[in-house]
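J.: Okay, here's the structure, questions in a sec.
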Amino acid sequence: MSARNGADVEREVMEYDIVIVGAGPAGLSCAIRLKQLKPDLTICLLDKASAVGAHALSGAVIEPEPLDALAPEWRQSPPGICVPATHDELRLLTRTGGVKLPLPPQLHNHGNFIVSLGLLTAWLASKAESLGVDVFPGFAAAQALFTPQGAVAGVQLGDVGLAKSGEPGPHYAPGAEIRARSTVVAEGARGSLAKQLIRRFNLDADSCPQTYGLGMKELWQLPQGRVSPGLIQHTVGWPVDWHTYGGSFIYHLDQNRAYVGFVVGLDYQDPRFSPFEAFQQFKHHPTIKPFLEGGEILAAGARTIAAGGWQSIPRLTMPGAMLIGDAAGGVNVPKIKGVHQAIRSGMLAAEHLAQTGSPEGFDARWRASAGGRELRAVRNFKPGFKRGLWFGLANSGLEVLTRGRTPWTIKNVVPDHQRLKRLSEYESPPRGWVERTLPPRDRPASVFFASTSHDESQPAHLKVRDTSLCSGACAREFDNPCTRFCPASVYEMIDDGSGGKRLQINAANCVHCKACDIKDPYGIIDWTPPEGGSGPNYQSL
C-alpha cells in the first residue's frame with residue numbers, strides 16, 4: 001500500500017490496529033498482553049536500535065511479580081544474566097572512608113533479581129513475536145501522523161533501517177508511514193516522539209517539570225574470589241558534594257562479574273561539574289578501588305532516568321495515543337527501580353485498549369492503579385534532596401515513618417537546565433579528586449565499551465539551534481557545560497582558525513543518553529533519532 005503526502009512524494013503506508021514505539025519493558029509488555037487478550041489484533045512494535053535490547057540500559061534489579069503475571073515461564077528460561085538478590089548494603093562515603101547506614105525498607109531486595117535489561121527485553125521480544133507481534137528493530141519513529149481532526153494516527157519512520165527481525169535488506173522505504181487506530185509511546189526517558197506530543201497537546205500543563213538523573217554503568221570481569229553473587233551495594237555521599245544528588249551501585253553477578261554504576265541528578269548547580277568524572281572518581285575510593293584493580297571492563301553505557309515522580313507525570317493520554325513506562329516517568333526513585341513499573345504500565349495499557357478500544361481514560365486508570373499508588377506514596381523522597389543530602393535523608397526517614405501519608409507534596413519547580421548556576425554565581429567546591437589509574441582512561445575510551453556505531457556520513461541527529469551562543473554567551477556564562485555533562489565527548493569546543501572557539505559535534509560518539517537535550521542551560525539542543533540501527537549496543541547491560 002502506498003500514498004502521496006502533501007509534497008506529492010509517494011510513501012509506503014502500512015496499517016495496523018496498534019503501533020507501539022519502543023521495545024523496552026513497557027512497550028513489549030503492552031504488545032504481549034494485547035496479544036494474550038486479543039489475538040486477532042494487528043500490532044507493530046518499532047525500535048530504533050539495531051536489535052531489541054541494544055539500547056536498553058538500567059541497573060537493573062527487578063521486582064518479579066509483574067513479570068510473573070505477564071509471562072510466568074520466564075523463570076524456567078531466564079535471560080542470560082539473572083542472579084537472585086541475596087543481601088543489601090548501604091554506605092555513606094567520605095573522601096577517605098565511610099560509614100554503614102541503616103537499610104531503608106524500600107532497599108530490601110529479598111526475592112528480587114539482578115538482570116541485564118538488554119537480555120530481558122530480547123527474551124520478551126521473542127515472546128511477542130511468538131504471539132504474532134510484528135517486531136521491527138532498526139526503525140526510528142521520526143514524527144507522529146495526525147488525522148484531519150488532529151488526533152494521532154500513527155508514526156512516520158525516519159531513515160531506512162533494518163528488516164523485520166534483523167533480516168538483511170530494508171523492509172520499509174525512508175519516510176514510510178505506519179498508521180494505526182491507537183499509538184502507544186514507550187520510548188523511555190526523554191523520548192523524542194514523546195517530547196513532540198507533550199508539547200503539541202500540552203500534556204504537562206498541570207504537572208511539575210520533569211527532573212532527570214544520568215546513570216552510567218559498566219560491566220566488569222573481576223579476579224576470582226571478589227564477587228559475592230547476589231550482593232547489592234549502594235552508596236551516597238562522596239564524590240559528590242552535599243548539595244548534589246548522586247549515588248553508586250555495585251551489583252554482584254555470577255562468573256566473577258559485577259555491574260558498577262553511578263547516578264547523578266541532572267538538577268545539579270555547578271557548571272564545572274562532570275558526572276562522568278564523578279563516576280570514575282568513585283571507582284578510585286579507597287574502599288572501591290581494591291575491588292576493581294586487576295579486573296577489566298567488558299561493556300559500558302549511559303542513560304537518563306525520568307526521576308521526577310508522581311508530581312512530574314504529564315497527562316498520559318491524547319486523542320489517538322498514550323504514554324507508558326518511563327516515557328511518562330514511572331521510576332520509583334527511592335527503590336532505585338523502574339522495570340517492574342514499566343511492565344505494570346504496559347500491561348495496564350494493553351488491558352485498557354483491549355477493553356475500550358481507545359487510549360481515552362487510561363490516565364485516570366493508571367493513576368488509580370497499583371503503579372500509580374506506589375509512586376504517589378513516595379512522591380516526596382527525591383524532591384527533598386534538592387535541599388541537600390542531610391535534609392533529603394531526614395525527609396526520607398519521615399516519609400518512611402508516615403508511609404508517604406504526609407499531607408503535603410514537595411514540588412519540582414525549576415527544570416533541570418535552569419538549575420545550573422552561572423560562573424559568576426557559583427564557586428565550585430574543592431573535590432579532592434585523585435589521579436585515575438583504572439580504565440577507561442577518558443570518555444572516548446568509554447564510548448568504545450558501548451560498542452557505538454553511527455555512519456560518519458549520516459546527517460547529524462543532534463540539533464543545536466543557535467551555535468553562536470556556544471562560542472559567545474555560553475562560554476562566558478557557563479564555560480560550555482556540554483563539554484562536561486555529556487558522558488561521551490560528543491560536544492567539543494575547538495579552535496575556529498581565527499583565534500576563537502567553535503562547537504564541534506562528534507555525533508558518532510553519541511550513546512543516546514539524552515543528557516544534552518535535558519541539561520543544556522539555554523535549552524537549544526534537540527536530540528533526534530539518527531538513522532535506524534545506529535547507536536550503542538547494550539545487550540549485556
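Labels for the C-alpha cells follow display order: chains A, B, ..., residues from 1 in each chain, ligands from 1.
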Which residues are close to A:Gln106, i.e. within 9 Å by only C-alpha atoms, leaving aside same-chain residues fewer than 5 positions away? Reply as a list in words.

T.: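 Returned residues: Pro334, Lys335, Ile336 and Val400 of chain A.
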
J.: Could you turn the residues from that selection into a file that holds N, CA and C atoms, as an mmCIF file, in the first residue's frame?

T.:
```
data_model
loop_
_atom_site.group_PDB
_atom_site.id
_atom_site.type_symbol
_atom_site.label_atom_id
_atom_site.label_comp_id
_atom_site.auth_asym_id
_atom_site.auth_seq_id
_atom_site.Cartn_x
_atom_site.Cartn_y
_atom_site.Cartn_z
ATOM 1 N N PRO A 334 13.116 6.104 45.145
ATOM 2 C CA PRO A 334 13.605 5.561 46.419
ATOM 3 C C PRO A 334 13.951 4.077 46.350
ATOM 4 N N LYS A 335 13.208 3.324 45.564
ATOM 5 C CA LYS A 335 13.522 1.896 45.392
ATOM 6 C C LYS A 335 14.695 1.664 44.445
ATOM 7 N N ILE A 336 15.027 2.692 43.641
ATOM 8 C CA ILE A 336 16.021 2.577 42.561
ATOM 9 C C ILE A 336 15.570 1.485 41.594
ATOM 10 N N VAL A 400 9.245 7.491 55.334
ATOM 11 C CA VAL A 400 9.162 6.067 55.665
ATOM 12 C C VAL A 400 8.247 5.855 56.863
#
```

J.: Could you go through stretch 447-485 of chain A and tell me which residues DSSP, when run on the backbone, assigns to strand (DSSP E or B), listing them as a PyMOL selection string?

T.: chain A and resi 453+462-464

J.: Just the residues within 6 Å of A:Ser207, please, counting only C-alpha atoms, with nothing from its chain fewer than 4 positions along; format it as a VMD selection string.

T.: chain A and resid 311 to 312 314

J.: Take the residues from that selection and write them out as an mmCIF file, in the first residue's frame, keeping N, CA and C atoms.

T.:
```
data_model
loop_
_atom_site.group_PDB
_atom_site.id
_atom_site.type_symbol
_atom_site.label_atom_id
_atom_site.label_comp_id
_atom_site.auth_asym_id
_atom_site.auth_seq_id
_atom_site.Cartn_x
_atom_site.Cartn_y
_atom_site.Cartn_z
ATOM 1 N N GLN A 311 4.546 13.897 40.898
ATOM 2 C CA GLN A 311 4.145 15.262 40.584
ATOM 3 C C GLN A 311 4.636 15.735 39.221
ATOM 4 N N SER A 312 5.528 14.977 38.585
ATOM 5 C CA SER A 312 6.050 15.373 37.279
ATOM 6 C C SER A 312 5.477 14.549 36.129
ATOM 7 N N PRO A 314 3.146 13.768 33.252
ATOM 8 C CA PRO A 314 2.185 14.520 32.440
ATOM 9 C C PRO A 314 0.895 13.732 32.253
#
```

J.: Please report, as a JSON list (two decimals) with N, CA and C atoms, in the first residue's frame, each residue of stretch 29-72 of chain A to which DSSP assigns helix (DSSP H, G or I) when run on this structure's backbone.

T.:
```json
[["chain", "number", "residue", "atom", "x", "y", "z"],
["A", 29, "SER", "N", 5.76, -5.40, 27.01],
["A", 29, "SER", "CA", 4.71, -5.93, 27.88],
["A", 29, "SER", "C", 3.33, -5.58, 27.34],
["A", 30, "CYS", "N", 3.20, -4.37, 26.80],
["A", 30, "CYS", "CA", 1.94, -3.95, 26.20],
["A", 30, "CYS", "C", 1.60, -4.84, 25.01],
["A", 31, "ALA", "N", 2.57, -5.09, 24.15],
["A", 31, "ALA", "CA", 2.33, -5.92, 22.96],
["A", 31, "ALA", "C", 1.96, -7.35, 23.34],
["A", 32, "ILE", "N", 2.69, -7.91, 24.28],
["A", 32, "ILE", "CA", 2.42, -9.29, 24.69],
["A", 32, "ILE", "C", 1.03, -9.42, 25.30],
["A", 33, "ARG", "N", 0.70, -8.49, 26.21],
["A", 33, "ARG", "CA", -0.59, -8.59, 26.89],
["A", 33, "ARG", "C", -1.75, -8.37, 25.90],
["A", 34, "LEU", "N", -1.57, -7.47, 24.95],
["A", 34, "LEU", "CA", -2.60, -7.27, 23.94],
["A", 34, "LEU", "C", -2.87, -8.55, 23.17],
["A", 35, "LYS", "N", -1.80, -9.25, 22.77],
["A", 35, "LYS", "CA", -1.98, -10.48, 22.02],
["A", 35, "LYS", "C", -2.58, -11.59, 22.88],
["A", 36, "GLN", "N", -2.25, -11.57, 24.17],
["A", 36, "GLN", "CA", -2.86, -12.55, 25.06],
["A", 36, "GLN", "C", -4.37, -12.34, 25.17],
["A", 37, "LEU", "N", -4.78, -11.06, 25.17],
["A", 37, "LEU", "CA", -6.20, -10.73, 25.34],
["A", 37, "LEU", "C", -6.96, -10.71, 24.03],
["A", 65, "GLU", "N", 7.20, -9.76, 40.36],
["A", 65, "GLU", "CA", 5.76, -10.06, 40.34],
["A", 65, "GLU", "C", 5.07, -9.64, 39.04],
["A", 66, "PRO", "N", 5.29, -8.42, 38.52],
["A", 66, "PRO", "CA", 4.63, -8.09, 37.25],
["A", 66, "PRO", "C", 5.07, -9.00, 36.09],
["A", 67, "LEU", "N", 6.36, -9.35, 36.06],
["A", 67, "LEU", "CA", 6.84, -10.25, 35.01],
["A", 67, "LEU", "C", 6.24, -11.64, 35.17],
["A", 68, "ASP", "N", 6.09, -12.09, 36.42],
["A", 68, "ASP", "CA", 5.43, -13.38, 36.67],
["A", 68, "ASP", "C", 4.00, -13.36, 36.12],
["A", 69, "ALA", "N", 3.31, -12.24, 36.30],
["A", 69, "ALA", "CA", 1.93, -12.15, 35.83],
["A", 69, "ALA", "C", 1.86, -12.13, 34.31],
["A", 70, "LEU", "N", 2.85, -11.51, 33.68],
["A", 70, "LEU", "CA", 2.86, -11.40, 32.22],
["A", 70, "LEU", "C", 3.30, -12.69, 31.54],
["A", 72, "PRO", "N", 4.85, -16.09, 33.17],
["A", 72, "PRO", "CA", 5.40, -16.86, 34.28],
["A", 72, "PRO", "C", 6.47, -17.86, 33.86]]
```

J.: Leaving out A:Ile343 and any residue of its chain fewer than 4 positions from it, which residues lie within 12 Å of it when counting only C-alpha atoms, given as a ChimeraX atom specification?

T.: /A:23-33,62-71,120-121,124,186,324-326,330-331,337-339,347-350,370-371

J.: Can I get the selected residues back with C-alpha atoms, as a compact mmCIF listing (two decimals), in the first residue's frame?

T.:
```
# COMPACT_ATOMS: atom_id res chain seq x y z
CA ALA A 23 10.85 -2.12 22.54
CA GLY A 24 11.66 -1.63 26.21
CA PRO A 25 9.88 -3.46 29.02
CA ALA A 26 6.79 -1.21 28.79
CA GLY A 27 6.30 -1.50 25.04
CA LEU A 28 6.98 -5.22 24.92
CA SER A 29 4.71 -5.93 27.88
CA CYS A 30 1.94 -3.95 26.20
CA ALA A 31 2.33 -5.92 22.96
CA ILE A 32 2.42 -9.29 24.69
CA ARG A 33 -0.59 -8.59 26.89
CA ILE A 62 13.73 -6.09 39.22
CA GLU A 63 10.75 -6.99 41.33
CA PRO A 64 9.49 -10.13 39.56
CA GLU A 65 5.76 -10.06 40.34
CA PRO A 66 4.63 -8.09 37.25
CA LEU A 67 6.84 -10.25 35.01
CA ASP A 68 5.43 -13.38 36.67
CA ALA A 69 1.93 -12.15 35.83
CA LEU A 70 2.86 -11.40 32.22
CA ALA A 71 4.98 -14.43 31.37
CA LEU A 120 15.48 -9.41 29.31
CA THR A 121 13.96 -7.30 26.54
CA LEU A 124 10.38 -10.55 25.80
CA ALA A 186 7.04 3.69 25.09
CA ILE A 324 3.50 4.44 29.05
CA GLY A 325 6.55 3.43 31.11
CA ASP A 326 9.40 5.86 31.54
CA GLY A 330 7.27 5.77 36.13
CA VAL A 331 10.51 5.09 38.03
CA LYS A 337 13.73 0.53 40.32
CA GLY A 338 11.61 1.12 37.26
CA VAL A 339 11.38 -2.12 35.28
CA MET A 347 0.11 -4.48 30.82
CA LEU A 348 -2.45 -1.99 32.12
CA ALA A 349 -2.34 -0.07 28.83
CA ALA A 350 -2.97 -3.31 26.94
CA ALA A 370 -1.00 -0.17 41.89
CA GLY A 371 1.73 1.56 39.86
```

J.: Quick one: distance from atom CA of A:Cys474 to atom CA of A:Lys382 in Å, one decimal?

T.: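 We find that atom CA of A:Cys474 and atom CA of A:Lys382 lie 29.1 Å from each other.
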
J.: Given only C-alpha atoms as the basis, pick out the residue of A:Pro487, A:Asn109, A:Leu131, A:Leu93 nearest to A:Pro39.

T.: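 Going through A:Pro487, A:Asn109, A:Leu131, A:Leu93 one by one, the smallest distance to A:Pro39 is for A:Leu131.
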
J.: Taking only C-alpha atoms into account, name the residue in A:Ala142, A:Ile232, A:Val19, A:Val378 that is nearest to A:Thr528.

T.: A:Ala142

J.: From the options A:Val413, A:Leu266, A:Ile525, A:Leu92, which residue's atoms come nearest to A:Trp390, counting only C-alpha atoms?

T.: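 Between A:Val413, A:Leu266, A:Ile525, A:Leu92, the residue approaching A:Trp390 most closely is A:Leu92.
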
J.: Excluding same-chain residues fewer than 4 positions from stretch 393-399 of chain A, what lies within 12 Å of it counting only C-alpha atoms, as a PyMOL selection string?

T.: chain A and resi 92+101-106+236-237+242+245+333-335+376-389+403-410

J.: Return the single residue from A:Ser540, A:Thr467, A:Ser451, A:Gln269 that is closest to A:Leu423, with distances computed using only C-alpha atoms.

T.: A:Gln269

J.: Can you work out which one of A:Ser471, A:Asn412, A:Asn332, A:Thr183 has the shortest atom-to-atom distance to A:Cys44, counting only C-alpha atoms?

T.: A:Thr183

J.: From the options A:Ala473, A:Val447, A:Ile524, A:Leu438, which residue's atoms come nearest to A:Val490, counting only C-alpha atoms?

T.: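 When distances to A:Val490 are compared using only C-alpha atoms, the smallest one comes from A:Val447.
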
J.: Per residue of stretch 443-519 of chain A within 12 Å of stretch 195-203 of chain A, note the shortest atom pair and the distance in Å to one decimal, counting only C-alpha atoms, and order the rows by chain and increasing residue number, as a Markdown table.

T.:
```
| residue | atom | partner | partner_atom | distance |
| --- | --- | --- | --- | --- |
| A:Lys514 | CA | A:Lys195 | CA | 11.7 |
| A:Asp517 | CA | A:Lys195 | CA | 10.3 |
| A:Ile518 | CA | A:Lys195 | CA | 11.1 |
```

J.: Output C-alpha atoms for every residue in the selection just made, as a PDB file, in the first residue's frame.

T.:
```
ATOM      1  CA  LYS A 514      19.727  12.363  26.093  1.00  0.00           C
ATOM      2  CA  ASP A 517      18.556  17.530  25.481  1.00  0.00           C
ATOM      3  CA  ILE A 518      17.911  17.954  29.210  1.00  0.00           C
TER       4      ILE A 518
END
```

J.: Mind giving me the straight-line distance from atom CA of A:Leu353 to atom CA of A:Gly53 in Å, one decimal?

T.: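 Between these atoms lies a distance of 25.2 Å.
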